[in-house]
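Read the structure below first, then the notes.
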Amino acid sequence: MITLYRLESSPFVDKVERVLRYKGLDFASETLSIADYKARESIHPSAKCPLLEHDGTIVGDSTQICLYLEETFPEPALIPSNRRSRGLCMMLEDWADESLYFHEMRLRITMPHNARRILPSMVTGEPAWMRKFAMRVIPHAVKMTLHIQGMGRRDEDTFIADIGRHLDSVESALSRSAFLVGNTLTLADIAVFAQVACILQSDEGDAAAAPLSRLRAWYKRVDELTA
């Protein structure tokens with residue numbers, strides 16, 4: 001029995017769900033509250049989501065969950081057996097989680113015109129007080145995180161240019177293959193897809209991706225394989 005503990009609108013939850021679906025695994029899903037730290041902590045000390053429970057084993061962190069699923073359910077494989085390809089796959093997976101993630105957070109949550117449209121859908125299942133104060137509390141918390149991390153210190157023009165540069169990097173990586181690591185879907189594709197999906201929710205991200213035909217075609221392929 002597999003249970004996935006999730007939060008709404010998390011790219012890391014989306015990443016794990018797509019891995020589970022691609023591998024054809026049945027799983028139960030339980031949505032937890034952003035506001036209820038203790039409930040999440042009672043499942044795993046990190047109190048972060050996603051969390052995966054499989055026959056009594058609890059795994060935290062989306063990367064660790066994906067590695068656990070790959071080891072426990074190796075087919076169809078998402079991590080290449082070739083050493084070079086495996087290394088590239090894991091480098092791109094880490095780039096998605098540790099770089100693109102902070103870009104999408106700034107776009108979706110701290111830029112008011114995007115946040116007004118996107119944030120309500122992220123807190124639909126939250127307590128009334130969280131829904132009421134979401135537009136003020138969540139952007140403030142994210143801005144603090146981004147300032148500490150460094151992303152929040154970039155001026156807006158530089159930041160928007162960076163979005164275009166990152167999306168163009170994906171476009172360039174697809175110039176000779178259908179997927180990011182050769183012609184087979186890998187964990188790199190799913191991890192990058194999950195972050196790009198969030199970036200495309202923003203006006204700036206969608207505009208930057210509009211002329212990138214290979215990225216758009218790749219996005220559709222990954223979605224169809226993992227939806």
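Quick note on naming: the chains in the structure tokens go A, B, ... in the order shown, residues restart at 1 in each chain, and ligands are numbered from 1 in order of appearance.
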Review point. Which residues, written as a list in words, have at least one atom at most 8 Å from Trp218 (chain A), with only C-alpha atoms counted and residues fewer than 5 positions away on the same chain left out?
Key: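 Final neighbour list, sorted by chain and number: Leu174, Ala178 and Phe179 of chain A.
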At a cut-off of 10 Å, can you tabulate as a Markdown table every residue of region 131-218 of chain A near region 69-76 of chain A together with its closest atom pair and the distance in Å to one decimal, using only C-alpha atoms and ordering rows by chain then number?
| residue | atom | partner | partner_atom | distance |
| --- | --- | --- | --- | --- |
| A:Leu185 | CA | A:Pro76 | CA | 9.8 |
| A:Thr186 | CA | A:Pro76 | CA | 9.8 |
| A:Leu187 | CA | A:Glu70 | CA | 9.6 |
For N, CA and C atoms, I'd like the residues from the last selection saved as a PDB file, in the first residue's frame.
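Listing of out32.pdb after writing:
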ATOM      1  N   LEU A 185      12.081   9.075 -21.710  1.00  0.00           N
ATOM      2  CA  LEU A 185      11.691   9.856 -20.537  1.00  0.00           C
ATOM      3  C   LEU A 185      12.530   9.452 -19.331  1.00  0.00           C
ATOM      4  N   THR A 186      13.025  10.441 -18.586  1.00  0.00           N
ATOM      5  CA  THR A 186      13.769  10.169 -17.358  1.00  0.00           C
ATOM      6  C   THR A 186      13.239  11.055 -16.235  1.00  0.00           C
ATOM      7  N   LEU A 187      13.779  10.824 -15.058  1.00  0.00           N
ATOM      8  CA  LEU A 187      13.430  11.642 -13.903  1.00  0.00           C
ATOM      9  C   LEU A 187      13.753  13.110 -14.150  1.00  0.00           C
TER      10      LEU A 187
END
Practice item. List the neighbours of region 188-205 of chain A out to 7 Å using only C-alpha atoms; skip same-chain residues closer than 6 positions along the sequence, and give me the result as number ranges by chain. Key: A: 11, 14-15, 89-90, 92-93, 96, 100-101, 104, 107-108, 114, 163, 179-180, 219
Can you write out the residues you just picked, keeping N, CA and C atoms, as a tab-separated table (two decimals), in the first residue's frame?
chain	number	residue	atom	x	y	z
A	11	PRO	N	5.06	21.84	-6.78
A	11	PRO	CA	5.73	21.17	-7.90
A	11	PRO	C	6.39	19.86	-7.49
A	14	ASP	N	3.69	17.28	-7.50
A	14	ASP	CA	3.42	16.96	-8.90
A	14	ASP	C	4.48	16.02	-9.46
A	15	LYS	N	5.72	16.29	-9.14
A	15	LYS	CA	6.84	15.45	-9.59
A	15	LYS	C	6.66	14.00	-9.12
A	89	CYS	N	21.19	13.11	-15.82
A	89	CYS	CA	19.81	13.05	-15.32
A	89	CYS	C	19.72	13.63	-13.91
A	90	MET	N	20.61	13.21	-13.03
A	90	MET	CA	20.54	13.67	-11.64
A	90	MET	C	20.97	15.13	-11.51
A	92	LEU	N	20.33	17.48	-13.76
A	92	LEU	CA	19.16	18.25	-14.19
A	92	LEU	C	18.04	18.19	-13.17
A	93	GLU	N	17.90	17.04	-12.54
A	93	GLU	CA	16.88	16.92	-11.48
A	93	GLU	C	17.18	17.88	-10.34
A	96	ALA	N	16.50	21.52	-11.37
A	96	ALA	CA	15.07	21.83	-11.31
A	96	ALA	C	14.65	22.15	-9.87
A	100	LEU	N	15.28	26.21	-10.50
A	100	LEU	CA	14.00	26.57	-11.11
A	100	LEU	C	12.91	26.78	-10.06
A	101	TYR	N	12.97	26.02	-8.99
A	101	TYR	CA	11.95	26.15	-7.94
A	101	TYR	C	11.88	27.56	-7.37
A	104	GLU	N	10.23	29.88	-9.90
A	104	GLU	CA	8.77	29.78	-9.99
A	104	GLU	C	8.10	30.37	-8.75
A	107	LEU	N	7.95	34.10	-9.23
A	107	LEU	CA	6.96	34.43	-10.26
A	107	LEU	C	5.53	34.28	-9.75
A	108	ARG	N	5.22	33.14	-9.19
A	108	ARG	CA	3.83	32.82	-8.87
A	108	ARG	C	3.34	33.51	-7.60
A	114	ASN	N	0.43	38.03	-10.65
A	114	ASN	CA	0.33	36.58	-10.74
A	114	ASN	C	-0.30	36.00	-9.48
A	163	ILE	N	14.61	34.09	-16.35
A	163	ILE	CA	13.53	33.15	-16.69
A	163	ILE	C	13.66	32.74	-18.16
A	179	PHE	N	13.78	14.07	-25.47
A	179	PHE	CA	13.75	14.32	-24.03
A	179	PHE	C	15.09	14.92	-23.60
A	180	LEU	N	15.18	15.29	-22.36
A	180	LEU	CA	16.37	16.02	-21.89
A	180	LEU	C	17.61	15.15	-21.84
A	219	TYR	N	6.96	19.56	-23.50
A	219	TYR	CA	6.02	19.71	-22.38
A	219	TYR	C	4.79	18.83	-22.61
Check your understanding: Expressed in Å to a single decimal, how great is the separation between CA of Ala208 (chain A) and CA of Gly164 (chain A)?
Key -> 5.4 Å
Give me, as JSON lines, each residue of region 12-106 of chain A that comes within 12 Å of region 127-137 of chain A, together with its shortest interatomic pair and the distance in Å at one decimal, counting only C-alpha atoms, with rows ordered by chain and rising residue number.
{"residue": "A:Leu32", "atom": "CA", "partner": "A:Pro127", "partner_atom": "CA", "distance": 11.1}
{"residue": "A:Ser33", "atom": "CA", "partner": "A:Pro127", "partner_atom": "CA", "distance": 8.0}
{"residue": "A:Ile34", "atom": "CA", "partner": "A:Met130", "partner_atom": "CA", "distance": 8.7}
{"residue": "A:Ala35", "atom": "CA", "partner": "A:Met130", "partner_atom": "CA", "distance": 7.3}
{"residue": "A:Asp36", "atom": "CA", "partner": "A:Pro127", "partner_atom": "CA", "distance": 9.5}
Please, which residues in region 60-86 of chain A fall within 12 Å of region 40-52 of chain A when counting only C-alpha atoms, and what is the closest atom pair and distance in Å to one decimal for each, ordered by chain then residue number, as a Markdown table?
| residue | atom | partner | partner_atom | distance |
| --- | --- | --- | --- | --- |
| A:Gly60 | CA | A:Leu51 | CA | 4.8 |
| A:Asp61 | CA | A:Pro50 | CA | 6.5 |
| A:Ser62 | CA | A:Pro50 | CA | 6.3 |
| A:Thr63 | CA | A:Pro50 | CA | 10.0 |
| A:Gln64 | CA | A:Leu52 | CA | 9.8 |
| A:Ile65 | CA | A:Leu52 | CA | 6.7 |
| A:Cys66 | CA | A:Leu52 | CA | 9.7 |
| A:Leu67 | CA | A:Leu52 | CA | 11.8 |
| A:Tyr68 | CA | A:Leu52 | CA | 9.6 |
| A:Leu69 | CA | A:Leu52 | CA | 9.7 |
Output C-alpha atoms of each residue in that selection to a file, as a compact mmCIF listing (two decimals), in the first residue's frame.
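Printed below is result_26.txt as written:
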# COMPACT_ATOMS: atom_id res chain seq x y z
CA GLY A 60 10.57 12.40 2.89
CA ASP A 61 11.94 14.78 0.24
CA SER A 62 10.83 14.40 -3.38
CA THR A 63 14.27 13.33 -4.64
CA GLN A 64 14.62 10.66 -1.97
CA ILE A 65 11.08 9.48 -2.70
CA CYS A 66 11.84 9.17 -6.42
CA LEU A 67 15.06 7.28 -5.73
CA TYR A 68 13.18 4.96 -3.36
CA LEU A 69 10.50 4.30 -5.98
Exercise for review: Please run DSSP on the backbone and report, as a PyMOL selection string, all residues within region 28-121 of chain A that come out as alpha helix (DSSP H).
Suggested key: chain A and resi 37-43+62-72+83-95+101-105+112-121
Exercise for review: Would you mind reading off the distance between CA of Arg116 (chain A) and CA of Asp168 (chain A), one decimal, in Å?
Suggested key: 27.1 Å
Practice item. Please give the complete set of residues from chain A that DSSP, run on the backbone, assigns to strand (DSSP E or B), formatted as a ChimeraX atom specification. Key: /A:2-6,28-31,51-54,57-60,179,182
Dump all heavy atoms for the selected residues as a compact mmCIF listing (two decimals), in the first residue's frame?
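Now in selection_0.txt:
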# COMPACT_ATOMS: atom_id res chain seq x y z
N ILE A 2 0.61 2.16 -0.92
CA ILE A 2 1.36 3.41 -1.02
C ILE A 2 0.41 4.57 -0.71
O ILE A 2 -0.68 4.67 -1.28
CB ILE A 2 1.94 3.61 -2.43
CG1 ILE A 2 2.94 2.49 -2.76
CG2 ILE A 2 2.62 4.97 -2.55
CD1 ILE A 2 3.46 2.54 -4.18
N THR A 3 0.85 5.43 0.20
CA THR A 3 0.10 6.66 0.50
C THR A 3 1.02 7.84 0.27
O THR A 3 2.15 7.87 0.77
CB THR A 3 -0.40 6.67 1.96
OG1 THR A 3 -1.24 5.53 2.18
CG2 THR A 3 -1.19 7.95 2.25
N LEU A 4 0.52 8.82 -0.47
CA LEU A 4 1.26 10.04 -0.71
C LEU A 4 0.61 11.17 0.06
O LEU A 4 -0.57 11.48 -0.15
CB LEU A 4 1.28 10.38 -2.20
CG LEU A 4 2.04 11.66 -2.58
CD1 LEU A 4 3.53 11.50 -2.32
CD2 LEU A 4 1.78 12.02 -4.04
N TYR A 5 1.37 11.78 0.96
CA TYR A 5 0.90 12.94 1.69
C TYR A 5 1.35 14.18 0.93
O TYR A 5 2.54 14.35 0.63
CB TYR A 5 1.46 12.95 3.11
CG TYR A 5 1.02 11.75 3.92
CD1 TYR A 5 1.82 10.61 4.00
CD2 TYR A 5 -0.21 11.73 4.57
CE1 TYR A 5 1.41 9.50 4.73
CE2 TYR A 5 -0.63 10.62 5.30
CZ TYR A 5 0.19 9.51 5.37
OH TYR A 5 -0.21 8.42 6.10
N ARG A 6 0.42 15.06 0.63
CA ARG A 6 0.66 16.13 -0.33
C ARG A 6 0.18 17.48 0.18
O ARG A 6 -0.58 17.57 1.15
CB ARG A 6 -0.05 15.80 -1.65
CG ARG A 6 -1.56 15.77 -1.51
CD ARG A 6 -2.26 15.19 -2.74
NE ARG A 6 -1.86 15.83 -3.98
CZ ARG A 6 -2.31 17.00 -4.39
NH1 ARG A 6 -3.17 17.69 -3.66
NH2 ARG A 6 -1.91 17.50 -5.54
N ALA A 28 -2.81 5.88 -2.65
CA ALA A 28 -3.79 6.76 -2.01
C ALA A 28 -3.15 8.12 -1.81
O ALA A 28 -1.93 8.22 -1.63
CB ALA A 28 -4.25 6.17 -0.68
N SER A 29 -3.95 9.15 -1.84
CA SER A 29 -3.43 10.51 -1.71
C SER A 29 -4.16 11.22 -0.57
O SER A 29 -5.39 11.18 -0.50
CB SER A 29 -3.62 11.27 -3.02
OG SER A 29 -3.06 12.55 -2.94
N GLU A 30 -3.40 11.85 0.31
CA GLU A 30 -3.99 12.59 1.42
C GLU A 30 -3.40 14.00 1.44
O GLU A 30 -2.20 14.18 1.59
CB GLU A 30 -3.71 11.90 2.76
CG GLU A 30 -4.37 12.59 3.93
CD GLU A 30 -4.22 11.83 5.24
OE1 GLU A 30 -4.03 10.60 5.19
OE2 GLU A 30 -4.30 12.47 6.31
N THR A 31 -4.27 15.00 1.27
CA THR A 31 -3.83 16.39 1.25
C THR A 31 -3.77 16.94 2.67
O THR A 31 -4.75 16.86 3.42
CB THR A 31 -4.76 17.26 0.39
OG1 THR A 31 -4.80 16.73 -0.93
CG2 THR A 31 -4.29 18.70 0.36
N LEU A 51 5.39 13.51 1.31
CA LEU A 51 5.87 12.39 2.10
C LEU A 51 5.24 11.13 1.52
O LEU A 51 4.07 11.15 1.10
CB LEU A 51 5.46 12.53 3.57
CG LEU A 51 6.00 13.74 4.32
CD1 LEU A 51 5.27 13.90 5.65
CD2 LEU A 51 7.50 13.60 4.55
N LEU A 52 6.00 10.06 1.49
CA LEU A 52 5.48 8.81 0.93
C LEU A 52 5.58 7.71 1.97
O LEU A 52 6.63 7.53 2.60
CB LEU A 52 6.26 8.42 -0.32
CG LEU A 52 5.73 7.17 -1.03
CD1 LEU A 52 5.36 7.48 -2.48
CD2 LEU A 52 6.76 6.03 -1.00
N GLU A 53 4.49 6.98 2.14
CA GLU A 53 4.47 5.82 3.03
C GLU A 53 4.21 4.57 2.20
O GLU A 53 3.24 4.51 1.42
CB GLU A 53 3.39 5.98 4.10
CG GLU A 53 3.37 4.83 5.09
CD GLU A 53 2.40 5.06 6.24
OE1 GLU A 53 1.70 6.09 6.23
OE2 GLU A 53 2.33 4.19 7.13
N HIS A 54 5.09 3.59 2.35
CA HIS A 54 4.95 2.34 1.60
C HIS A 54 5.18 1.18 2.55
O HIS A 54 6.31 0.95 3.01
CB HIS A 54 5.94 2.28 0.44
CG HIS A 54 5.96 0.95 -0.25
ND1 HIS A 54 7.11 0.22 -0.45
CD2 HIS A 54 4.94 0.20 -0.78
CE1 HIS A 54 6.82 -0.89 -1.07
NE2 HIS A 54 5.53 -0.94 -1.29
N THR A 57 7.14 1.97 5.61
CA THR A 57 8.33 2.81 5.41
C THR A 57 7.89 4.20 4.99
O THR A 57 7.09 4.35 4.06
CB THR A 57 9.24 2.21 4.33
OG1 THR A 57 9.70 0.93 4.76
CG2 THR A 57 10.44 3.11 4.06
N ILE A 58 8.41 5.23 5.66
CA ILE A 58 8.07 6.61 5.34
C ILE A 58 9.31 7.31 4.79
O ILE A 58 10.38 7.27 5.41
CB ILE A 58 7.52 7.36 6.56
CG1 ILE A 58 6.23 6.69 7.04
CG2 ILE A 58 7.26 8.83 6.22
CD1 ILE A 58 5.65 7.29 8.30
N VAL A 59 9.15 7.92 3.64
CA VAL A 59 10.25 8.60 2.97
C VAL A 59 9.87 10.06 2.76
O VAL A 59 8.78 10.36 2.28
CB VAL A 59 10.59 7.95 1.61
CG1 VAL A 59 11.85 8.58 1.01
CG2 VAL A 59 10.75 6.44 1.75
N GLY A 60 10.78 10.98 3.11
CA GLY A 60 10.57 12.40 2.89
C GLY A 60 11.51 12.92 1.83
O GLY A 60 12.51 12.29 1.50
N PHE A 179 13.78 14.07 -25.47
CA PHE A 179 13.75 14.32 -24.03
C PHE A 179 15.09 14.92 -23.60
O PHE A 179 16.01 15.04 -24.40
CB PHE A 179 13.43 13.04 -23.27
CG PHE A 179 12.06 12.49 -23.59
CD1 PHE A 179 11.92 11.47 -24.52
CD2 PHE A 179 10.92 13.00 -22.98
CE1 PHE A 179 10.66 10.97 -24.84
CE2 PHE A 179 9.67 12.51 -23.29
CZ PHE A 179 9.53 11.49 -24.22
N GLY A 182 18.54 12.13 -23.86
CA GLY A 182 18.31 11.15 -24.92
C GLY A 182 16.86 11.10 -25.35
O GLY A 182 16.10 12.06 -25.20
Review point. CA of Met105 (chain A) and CA of Leu146 (chain A), how far apart in Å?
Key: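 About the pair CA of Leu146 (chain A) and CA of Met105 (chain A): they are 8.4 Å apart.
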**Study point:** Best match for closeness to Met91 (chain A) among A:Val181, A:Lys38, A:Ser213, A:Val16, counting only C-alpha atoms
**Key:**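 For Met91 (chain A), the nearest of the candidates is A:Val181.
Distances here use only C-alpha atoms; by that measure, the residue among A:Ser10, A:Ser85, A:Thr110, A:Thr184 closest to Thr145 (chain A) is A:Thr110.
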Revision key, fill the gap. Of A:Asp97, A:Ser177, A:Asn183, A:Gly24, the one nearest to Arg214 (chain A) when counting only C-alpha atoms is A:Ser177
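The nearest approach to His166 (chain A) among the residues A:Leu119, A:Val222, A:Leu215, A:Val142, with only C-alpha atoms taken into account, belongs to A:Leu215.
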Review point. Which is closest to Leu7 (chain A) among A:Glu98, A:Glu126, A:Asp26, A:Asp162, if we use only C-alpha atoms?
Key: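 For Leu7 (chain A), the nearest of the candidates is A:Glu126.
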